[in-house]
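**Q** So here's protein.cif (mmCIF, N, CA and C atoms).
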data_work
loop_
_atom_site.label_atom_id
_atom_site.label_comp_id
_atom_site.auth_asym_id
_atom_site.auth_seq_id
_atom_site.Cartn_x
_atom_site.Cartn_y
_atom_site.Cartn_z
N MET A 812 50.92 32.32 28.59
CA MET A 812 50.42 31.36 27.62
C MET A 812 49.32 32.03 26.79
N ARG A 813 49.53 32.05 25.47
CA ARG A 813 48.56 32.66 24.57
C ARG A 813 47.55 31.65 24.05
N GLY A 814 47.94 30.37 23.97
CA GLY A 814 47.00 29.34 23.57
C GLY A 814 47.27 28.75 22.20
N ILE A 815 46.22 28.16 21.64
CA ILE A 815 46.29 27.43 20.37
C ILE A 815 45.17 27.90 19.47
N LYS A 816 45.49 28.13 18.19
CA LYS A 816 44.47 28.37 17.17
C LYS A 816 44.04 27.02 16.62
N ALA A 817 42.73 26.84 16.46
CA ALA A 817 42.21 25.57 15.96
C ALA A 817 41.25 25.81 14.80
N VAL A 818 41.41 24.99 13.76
CA VAL A 818 40.51 25.01 12.61
C VAL A 818 39.91 23.60 12.49
N PHE A 819 38.58 23.51 12.69
CA PHE A 819 37.94 22.20 12.57
C PHE A 819 36.50 22.29 12.06
N ARG A 820 36.01 23.49 11.85
CA ARG A 820 34.70 23.70 11.25
C ARG A 820 34.85 24.79 10.18
N ASP A 821 33.92 24.85 9.24
CA ASP A 821 34.00 25.83 8.15
C ASP A 821 34.18 27.25 8.67
N GLU A 822 33.50 27.62 9.75
CA GLU A 822 33.59 28.98 10.27
C GLU A 822 34.98 29.31 10.84
N HIS A 823 35.78 28.29 11.11
CA HIS A 823 37.11 28.53 11.66
C HIS A 823 38.15 28.88 10.58
N ILE A 824 37.79 28.72 9.32
CA ILE A 824 38.73 29.07 8.25
C ILE A 824 39.08 30.55 8.35
N GLU A 825 38.08 31.39 8.54
CA GLU A 825 38.30 32.84 8.66
C GLU A 825 38.57 33.27 10.09
N SER A 826 38.02 32.54 11.04
CA SER A 826 38.15 32.91 12.45
C SER A 826 38.40 31.65 13.29
N PRO A 827 39.69 31.25 13.42
CA PRO A 827 40.00 30.03 14.17
C PRO A 827 39.50 30.09 15.62
N ALA A 828 39.16 28.94 16.15
CA ALA A 828 38.79 28.83 17.56
C ALA A 828 40.04 28.99 18.40
N LEU A 829 39.90 29.54 19.59
CA LEU A 829 41.02 29.69 20.52
C LEU A 829 40.88 28.65 21.63
N LEU A 830 41.94 27.86 21.80
CA LEU A 830 42.01 26.89 22.89
C LEU A 830 43.01 27.44 23.89
N ASP A 831 42.55 27.76 25.10
CA ASP A 831 43.44 28.39 26.06
C ASP A 831 43.35 27.81 27.47
N SER A 832 42.74 26.62 27.56
CA SER A 832 42.61 25.95 28.85
C SER A 832 42.44 24.45 28.62
N PRO A 833 42.70 23.64 29.66
CA PRO A 833 42.44 22.21 29.52
C PRO A 833 40.98 21.92 29.15
N GLU A 834 40.08 22.74 29.67
CA GLU A 834 38.65 22.55 29.37
C GLU A 834 38.36 22.80 27.89
N SER A 835 39.06 23.76 27.29
CA SER A 835 38.82 24.03 25.87
C SER A 835 39.38 22.90 25.01
N ILE A 836 40.43 22.24 25.47
CA ILE A 836 40.95 21.05 24.77
C ILE A 836 39.89 19.94 24.81
N ASP A 837 39.32 19.72 26.00
CA ASP A 837 38.27 18.71 26.13
C ASP A 837 37.07 19.05 25.24
N ALA A 838 36.72 20.34 25.17
CA ALA A 838 35.59 20.76 24.33
C ALA A 838 35.89 20.50 22.86
N LEU A 839 37.13 20.71 22.42
CA LEU A 839 37.51 20.41 21.04
C LEU A 839 37.34 18.93 20.74
N ILE A 840 37.89 18.08 21.60
CA ILE A 840 37.78 16.63 21.38
C ILE A 840 36.32 16.20 21.39
N ASP A 841 35.56 16.73 22.32
CA ASP A 841 34.13 16.39 22.39
C ASP A 841 33.40 16.82 21.12
N ALA A 842 33.74 18.01 20.59
CA ALA A 842 33.11 18.49 19.36
C ALA A 842 33.48 17.59 18.17
N LEU A 843 34.74 17.18 18.09
CA LEU A 843 35.14 16.27 17.02
C LEU A 843 34.44 14.93 17.14
N MET A 844 34.30 14.44 18.37
CA MET A 844 33.61 13.16 18.60
C MET A 844 32.14 13.24 18.24
N ALA A 845 31.52 14.41 18.45
CA ALA A 845 30.09 14.57 18.19
C ALA A 845 29.79 14.91 16.73
N GLY A 846 30.81 15.32 15.99
CA GLY A 846 30.59 15.74 14.62
C GLY A 846 30.51 14.59 13.64
N PRO A 847 30.25 14.92 12.38
CA PRO A 847 30.18 13.88 11.35
C PRO A 847 31.56 13.33 11.03
N PRO A 848 31.64 12.12 10.49
CA PRO A 848 32.93 11.51 10.16
C PRO A 848 33.73 12.31 9.15
N THR A 849 33.08 13.18 8.39
CA THR A 849 33.79 13.99 7.40
C THR A 849 34.42 15.25 8.02
N HIS A 850 34.21 15.44 9.32
CA HIS A 850 34.76 16.58 10.05
C HIS A 850 35.32 16.11 11.40
N ASN A 851 36.17 15.08 11.35
CA ASN A 851 36.68 14.50 12.60
C ASN A 851 38.14 14.87 12.88
N THR A 852 38.62 15.92 12.22
CA THR A 852 40.01 16.32 12.35
C THR A 852 40.11 17.83 12.55
N ALA A 853 41.15 18.26 13.26
CA ALA A 853 41.42 19.68 13.46
C ALA A 853 42.89 19.97 13.19
N GLN A 854 43.16 21.17 12.69
CA GLN A 854 44.53 21.67 12.55
C GLN A 854 44.77 22.64 13.69
N LEU A 855 45.91 22.49 14.36
CA LEU A 855 46.24 23.32 15.52
C LEU A 855 47.58 24.02 15.33
N PHE A 856 47.64 25.27 15.79
CA PHE A 856 48.87 26.05 15.76
C PHE A 856 49.04 26.72 17.11
N SER A 857 50.19 26.53 17.75
CA SER A 857 50.45 27.18 19.03
C SER A 857 50.73 28.66 18.79
N LEU A 858 50.07 29.51 19.54
CA LEU A 858 50.33 30.95 19.47
C LEU A 858 51.56 31.33 20.27
N ASP A 859 52.13 30.37 20.99
CA ASP A 859 53.30 30.63 21.83
C ASP A 859 54.62 30.29 21.14
N ARG A 860 54.55 29.79 19.93
CA ARG A 860 55.77 29.51 19.16
C ARG A 860 56.00 30.66 18.18
N PRO A 861 57.26 30.91 17.86
CA PRO A 861 57.55 32.03 16.94
C PRO A 861 57.09 31.70 15.52
N LEU A 862 56.78 32.76 14.80
CA LEU A 862 56.43 32.61 13.40
C LEU A 862 57.70 32.60 12.56
N LEU A 863 57.60 32.01 11.39
CA LEU A 863 58.70 32.06 10.42
C LEU A 863 58.79 33.48 9.86
N PRO A 864 59.90 33.84 9.22
CA PRO A 864 60.01 35.18 8.61
C PRO A 864 58.87 35.47 7.63
N SER A 865 58.29 34.42 7.05
CA SER A 865 57.17 34.59 6.12
C SER A 865 55.88 34.99 6.82
N GLY A 866 55.86 34.86 8.16
CA GLY A 866 54.65 35.16 8.92
C GLY A 866 53.79 33.95 9.19
N TYR A 867 54.19 32.79 8.66
CA TYR A 867 53.45 31.55 8.90
C TYR A 867 54.01 30.82 10.11
N PRO A 868 53.18 29.96 10.75
CA PRO A 868 53.67 29.17 11.88
C PRO A 868 54.80 28.23 11.45
N ASP A 869 55.66 27.90 12.40
CA ASP A 869 56.78 26.99 12.12
C ASP A 869 56.40 25.53 12.37
N HIS A 870 55.11 25.26 12.52
CA HIS A 870 54.65 23.92 12.87
C HIS A 870 53.19 23.75 12.48
N LEU A 871 52.73 22.52 12.52
CA LEU A 871 51.32 22.18 12.34
C LEU A 871 51.05 20.90 13.12
N LEU A 872 50.07 20.96 14.01
CA LEU A 872 49.64 19.77 14.74
C LEU A 872 48.25 19.42 14.25
N VAL A 873 48.08 18.19 13.81
CA VAL A 873 46.78 17.70 13.34
C VAL A 873 46.29 16.65 14.34
N VAL A 874 45.03 16.75 14.72
CA VAL A 874 44.42 15.77 15.61
C VAL A 874 43.15 15.26 14.96
N GLY A 875 42.97 13.95 15.00
CA GLY A 875 41.76 13.33 14.47
C GLY A 875 41.22 12.33 15.46
N VAL A 876 39.91 12.13 15.44
CA VAL A 876 39.28 11.16 16.34
C VAL A 876 38.37 10.23 15.56
N ASP A 877 38.31 9.01 16.00
CA ASP A 877 37.37 8.03 15.47
C ASP A 877 36.44 7.68 16.63
N LYS A 878 35.25 8.29 16.62
CA LYS A 878 34.35 8.14 17.77
C LYS A 878 33.87 6.70 17.93
N ASP A 879 33.72 5.97 16.84
CA ASP A 879 33.24 4.59 16.95
C ASP A 879 34.29 3.67 17.58
N ALA A 880 35.54 3.84 17.20
CA ALA A 880 36.61 3.01 17.75
C ALA A 880 37.19 3.57 19.04
N GLU A 881 36.83 4.84 19.36
CA GLU A 881 37.33 5.53 20.56
C GLU A 881 38.85 5.61 20.58
N ILE A 882 39.41 5.91 19.41
CA ILE A 882 40.85 6.13 19.27
C ILE A 882 41.05 7.38 18.42
N GLY A 883 42.30 7.81 18.32
CA GLY A 883 42.56 9.01 17.54
C GLY A 883 43.96 9.03 16.98
N MET A 884 44.27 10.14 16.35
CA MET A 884 45.49 10.31 15.59
C MET A 884 46.06 11.68 15.85
N LEU A 885 47.37 11.77 15.93
CA LEU A 885 48.09 13.04 15.99
C LEU A 885 49.16 13.02 14.92
N SER A 886 49.44 14.18 14.37
CA SER A 886 50.55 14.35 13.44
C SER A 886 51.14 15.71 13.70
N LEU A 887 52.44 15.76 13.96
CA LEU A 887 53.12 17.03 14.24
C LEU A 887 54.19 17.26 13.19
N LEU A 888 54.04 18.35 12.48
CA LEU A 888 55.03 18.77 11.51
C LEU A 888 55.78 19.94 12.14
N ASP A 889 57.04 19.70 12.49
CA ASP A 889 57.90 20.80 12.96
C ASP A 889 59.28 20.59 12.38
N ASP A 890 60.17 19.91 13.06
CA ASP A 890 61.49 19.62 12.48
C ASP A 890 61.50 18.27 11.77
N GLY A 891 60.36 17.76 11.46
CA GLY A 891 60.11 16.50 10.78
C GLY A 891 58.60 16.29 10.82
N ASN A 892 58.14 15.17 10.32
CA ASN A 892 56.72 14.85 10.40
C ASN A 892 56.58 13.64 11.30
N PHE A 893 55.97 13.84 12.47
CA PHE A 893 55.91 12.82 13.50
C PHE A 893 54.49 12.41 13.83
N VAL A 894 54.32 11.13 14.14
CA VAL A 894 53.06 10.56 14.60
C VAL A 894 53.36 9.70 15.82
N PRO A 895 52.34 9.39 16.63
CA PRO A 895 52.59 8.52 17.77
C PRO A 895 52.97 7.11 17.34
N ARG A 896 53.73 6.45 18.20
CA ARG A 896 53.91 5.01 18.06
C ARG A 896 52.68 4.43 18.76
N GLY A 897 51.70 4.04 17.96
CA GLY A 897 50.39 3.71 18.48
C GLY A 897 50.28 2.33 19.09
N SER A 898 49.19 2.17 19.79
CA SER A 898 48.88 0.89 20.41
C SER A 898 47.87 0.11 19.57
N VAL A 899 47.41 0.71 18.48
CA VAL A 899 46.40 0.10 17.62
C VAL A 899 46.94 0.12 16.19
N ASP A 900 46.78 -0.98 15.48
CA ASP A 900 47.20 -1.03 14.09
C ASP A 900 46.06 -1.54 13.23
N ARG A 901 45.35 -0.61 12.58
CA ARG A 901 44.25 -0.96 11.68
C ARG A 901 44.68 -0.75 10.22
N GLY A 902 45.98 -0.71 9.99
CA GLY A 902 46.48 -0.39 8.66
C GLY A 902 46.44 1.11 8.46
N VAL A 903 46.67 1.56 7.23
CA VAL A 903 46.58 2.99 6.92
C VAL A 903 45.15 3.42 7.16
N VAL A 904 44.97 4.54 7.85
CA VAL A 904 43.62 5.00 8.21
C VAL A 904 43.37 6.40 7.64
N LEU A 905 42.10 6.70 7.43
CA LEU A 905 41.67 8.00 6.91
C LEU A 905 40.97 8.79 7.99
N TYR A 906 41.32 10.06 8.08
CA TYR A 906 40.59 11.04 8.89
C TYR A 906 40.27 12.19 7.95
N HIS A 907 39.30 13.03 8.32
CA HIS A 907 38.82 14.07 7.41
C HIS A 907 38.82 15.45 8.07
N LEU A 908 39.44 16.41 7.39
CA LEU A 908 39.42 17.80 7.82
C LEU A 908 38.52 18.57 6.86
N LEU A 909 37.41 19.06 7.38
CA LEU A 909 36.47 19.84 6.57
C LEU A 909 36.09 19.09 5.29
N GLY A 910 35.93 17.78 5.41
CA GLY A 910 35.51 16.96 4.29
C GLY A 910 36.64 16.42 3.43
N HIS A 911 37.86 16.87 3.66
CA HIS A 911 39.01 16.43 2.86
C HIS A 911 39.74 15.30 3.57
N PRO A 912 39.91 14.14 2.90
CA PRO A 912 40.56 13.00 3.55
C PRO A 912 42.06 13.18 3.66
N ARG A 913 42.61 12.58 4.70
CA ARG A 913 44.06 12.55 4.89
C ARG A 913 44.42 11.18 5.45
N GLU A 914 45.33 10.48 4.79
CA GLU A 914 45.78 9.16 5.27
C GLU A 914 46.83 9.35 6.34
N PHE A 915 46.82 8.44 7.31
CA PHE A 915 47.84 8.40 8.36
C PHE A 915 48.47 7.02 8.38
N MET A 916 49.70 6.99 8.78
CA MET A 916 50.50 5.78 8.81
C MET A 916 49.87 4.69 9.68
N ALA A 917 49.96 3.47 9.23
CA ALA A 917 49.48 2.33 10.01
C ALA A 917 50.22 2.26 11.35
N GLY A 918 49.49 1.85 12.38
CA GLY A 918 50.09 1.65 13.69
C GLY A 918 50.36 2.92 14.47
N SER A 919 49.66 4.00 14.13
CA SER A 919 49.94 5.27 14.81
C SER A 919 48.75 5.83 15.58
N GLU A 920 47.68 5.08 15.69
CA GLU A 920 46.53 5.56 16.45
C GLU A 920 46.70 5.25 17.94
N ILE A 921 46.17 6.15 18.77
CA ILE A 921 46.25 6.01 20.22
C ILE A 921 44.88 6.27 20.84
N SER A 922 44.78 6.03 22.13
CA SER A 922 43.50 6.21 22.83
C SER A 922 43.11 7.69 22.87
N ILE A 923 41.82 7.93 22.99
CA ILE A 923 41.32 9.30 23.12
C ILE A 923 41.89 9.94 24.39
N ASP A 924 42.03 9.18 25.46
CA ASP A 924 42.61 9.73 26.69
C ASP A 924 44.02 10.26 26.45
N LEU A 925 44.83 9.51 25.69
CA LEU A 925 46.19 9.97 25.36
C LEU A 925 46.16 11.17 24.42
N ILE A 926 45.20 11.23 23.52
CA ILE A 926 45.03 12.40 22.65
C ILE A 926 44.79 13.63 23.53
N ARG A 927 43.85 13.52 24.45
CA ARG A 927 43.55 14.65 25.35
C ARG A 927 44.78 15.07 26.13
N GLN A 928 45.46 14.09 26.72
CA GLN A 928 46.65 14.38 27.54
C GLN A 928 47.73 15.06 26.69
N SER A 929 47.96 14.56 25.49
CA SER A 929 48.98 15.12 24.63
C SER A 929 48.66 16.56 24.23
N LEU A 930 47.41 16.84 23.89
CA LEU A 930 47.02 18.20 23.51
C LEU A 930 47.13 19.16 24.68
N LYS A 931 46.77 18.70 25.86
CA LYS A 931 46.89 19.56 27.05
C LYS A 931 48.35 19.87 27.34
N GLU A 932 49.23 18.90 27.11
CA GLU A 932 50.66 19.14 27.29
C GLU A 932 51.19 20.09 26.22
N PHE A 933 50.73 19.95 24.98
CA PHE A 933 51.10 20.86 23.90
C PHE A 933 50.72 22.29 24.27
N LEU A 934 49.53 22.46 24.83
CA LEU A 934 49.05 23.77 25.26
C LEU A 934 49.92 24.32 26.40
N SER A 935 50.10 23.55 27.45
CA SER A 935 50.80 24.04 28.64
C SER A 935 52.29 24.25 28.42
N SER A 936 52.87 23.56 27.43
CA SER A 936 54.32 23.69 27.18
C SER A 936 54.64 24.77 26.17
N GLY A 937 53.64 25.46 25.68
CA GLY A 937 53.89 26.50 24.69
C GLY A 937 54.13 25.96 23.29
N GLY A 938 53.58 24.79 23.00
CA GLY A 938 53.65 24.24 21.66
C GLY A 938 54.77 23.24 21.43
N LYS A 939 55.32 22.71 22.50
CA LYS A 939 56.37 21.69 22.35
C LYS A 939 55.74 20.31 22.15
N ARG A 940 56.51 19.43 21.51
CA ARG A 940 56.07 18.06 21.30
C ARG A 940 55.83 17.41 22.66
N SER A 941 54.67 16.80 22.83
CA SER A 941 54.33 16.21 24.13
C SER A 941 55.21 15.01 24.44
N THR A 942 55.44 14.79 25.72
CA THR A 942 56.28 13.69 26.18
C THR A 942 55.46 12.51 26.71
N CYS A 943 54.14 12.64 26.73
CA CYS A 943 53.30 11.58 27.28
C CYS A 943 53.11 10.44 26.29
N ILE A 944 53.52 10.65 25.04
CA ILE A 944 53.46 9.59 24.04
C ILE A 944 54.82 9.44 23.39
N GLU A 945 55.05 8.29 22.78
CA GLU A 945 56.28 8.06 22.04
C GLU A 945 56.02 8.43 20.58
N TRP A 946 56.87 9.31 20.03
CA TRP A 946 56.72 9.77 18.65
C TRP A 946 57.62 8.97 17.73
N GLN A 947 57.21 8.88 16.47
CA GLN A 947 58.03 8.24 15.43
C GLN A 947 57.86 9.06 14.15
N GLU A 948 58.85 8.99 13.30
CA GLU A 948 58.77 9.69 12.02
C GLU A 948 57.69 9.02 11.17
N GLU A 949 56.81 9.84 10.59
CA GLU A 949 55.76 9.28 9.74
C GLU A 949 56.35 8.87 8.40
N ARG A 950 56.01 7.68 7.97
CA ARG A 950 56.46 7.19 6.69
C ARG A 950 55.36 6.31 6.10
N PHE A 951 55.40 6.23 4.79
CA PHE A 951 54.43 5.38 4.08
C PHE A 951 55.21 4.41 3.22
N ALA A 952 54.70 3.18 3.11
CA ALA A 952 55.36 2.15 2.29
C ALA A 952 55.16 2.43 0.82
#
Would you mind writing the structure in this file as structure tokens?
**A**
Amino acid sequence: MRGIKAVFRDEHIESPALLDSPESIDALIDALMAGPPTHNTAQLFSLDRPLLPSGYPDHLLVVGVDKDAEIGMLSLLDDGNFVPRGSVDRGVVLYHLLGHPREFMAGSEISIDLIRQSLKEFLSSGGKRSTCIEWQEERFA
């Protein structure tokens, strides 16, 4: 297992953080929870998945947290664009990566505990879509 590259702070643009243990996943979530609302999202790439012929990853996993509501968001772009079938529906919600907003589909937020579990499964499975949550294709009305 080589781990996951993570971008969630300005310094990670040039030098992504390496997540290579369950503890490092917890540290990522804790850092997002402790950070400002304009930096509550991370982009993740599994180092265990093959690259495309272009040299770019064949996937993108985005994780966001809302520390006040104690819920979060996942979005996986691989053979489609997928989000969890969430237990919370606050309408379309905004999360921010390095100050840039990104809308997510209504009804796709899940608990922070499930976010942690899903990311740890993503890590241990070599970048496969986690099975601890139910995924749905992301769509906007």
**Q** Contacts of range 875-889 of chain A at 6 Å or less, counting only N, CA and C atoms, minus same-chain residues fewer than 4 places along, as a PyMOL selection string?
**A** chain A and resi 844+851-853+869-871+893-895+919-923
**Q** Could you pull the residues within 6.5 Å of range 909-912 of chain A, counting only N, CA and C atoms, minus those fewer than 6 positions along the same chain, as a ChimeraX atom specification?
**A** /A:819-821,849-852
**Q** Go ahead and find all residues with at least one atom no further than 6.5 Å from (43.7, 4.2, 10.1) in the file's coordinates, using all atoms listed in the file; report them as a short mmCIF file (atom, residue, chain, number, x, y, z; two decimals) with N, CA and C atoms, keeping the file's coordinate frame.
**A**
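And here's part21.cif as it stands now:
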data_model
loop_
_atom_site.label_atom_id
_atom_site.label_comp_id
_atom_site.auth_asym_id
_atom_site.auth_seq_id
_atom_site.Cartn_x
_atom_site.Cartn_y
_atom_site.Cartn_z
N ARG A 901 45.35 -0.61 12.58
CA ARG A 901 44.25 -0.96 11.68
C ARG A 901 44.68 -0.75 10.22
N GLY A 902 45.98 -0.71 9.99
CA GLY A 902 46.48 -0.39 8.66
C GLY A 902 46.44 1.11 8.46
N VAL A 903 46.67 1.56 7.23
CA VAL A 903 46.58 2.99 6.92
C VAL A 903 45.15 3.42 7.16
N VAL A 904 44.97 4.54 7.85
CA VAL A 904 43.62 5.00 8.21
C VAL A 904 43.37 6.40 7.64
N LEU A 905 42.10 6.70 7.43
CA LEU A 905 41.67 8.00 6.91
C LEU A 905 40.97 8.79 7.99
N PHE A 915 46.82 8.44 7.31
CA PHE A 915 47.84 8.40 8.36
C PHE A 915 48.47 7.02 8.38
N MET A 916 49.70 6.99 8.78
CA MET A 916 50.50 5.78 8.81
C MET A 916 49.87 4.69 9.68
N ALA A 917 49.96 3.47 9.23
CA ALA A 917 49.48 2.33 10.01
C ALA A 917 50.22 2.26 11.35
#
**Q** Looking only at helix (DSSP H, G or I) from DSSP on the backbone, list the matching residues of range 815-874 of chain A as a PyMOL selection string.
**A** chain A and resi 821-823+833-845+848-850
**Q** Give me, as an MDAnalysis selection string, all polymer residues having an atom no more than 7 Å from Ala828 in chain A, counting all atoms listed in the file and skipping those fewer than 2 positions away in the same chain.
**A** chainID A and resid 815:819 822:824 826 830
**Q** When the PyMOL selection byres ((chain A and resi 946) around 5) is applied to the file above, which residues end up in the set, as a VMD selection string?
**A** chain A and resid 894 to 896 944 to 945 947 to 948
**Q** Please run DSSP on the backbone and report, as a ChimeraX atom specification, all residues within range 824-942 of chain A that come out as strand (DSSP E).
**A** /A:828-830,852-857,871-877,882-888,892-895,904-908,911-915,921-922
**Q** Check which residues satisfy the PyMOL selection byres (((chain A and resi 899 and name CA) around 6) and name CA) in the file shown, then give them as a list in words.
**A**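 Evaluating the PyMOL selection byres (((chain A and resi 899 and name CA) around 6) and name CA) on these coordinates yields Gly897, Ser898, Asp900, Gly918 and Glu920 of chain A.
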**Q** Which residues, named as in the file, does the PyMOL selection byres ((chain A and resi 937) around 7) pick out? Answer as JSON, numbers by chain.
**A** {"A": [812, 857, 858, 859, 860, 932, 933, 934, 935, 936, 938, 939]}
**Q** Hey, can you check how far CA of Arg950 in chain A sits from atom C of Asn892 in chain A?
**A**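 A separation of 7.9 Å between them.
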**Q** With a distance cut-off of 7 Å and only N, CA and C atoms, select the neighbouring residues of Ile836 in chain A, excluding the residue or stretch itself and same-chain residues fewer than 4 positions from it, and output the selection as a list in words.
**A**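 Within the cut-off, the hits are Leu830, Asp831, Ser832, Ile840, Asp841, Arg927, Leu930 and Lys931 of chain A.
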**Q** To one decimal place, how far is atom C of Ser865 in chain A from CA of Thr942 in chain A in Å?
**A**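 If I compute the distance from atom C of Ser865 in chain A to CA of Thr942 in chain A, I get 28.8 Å.
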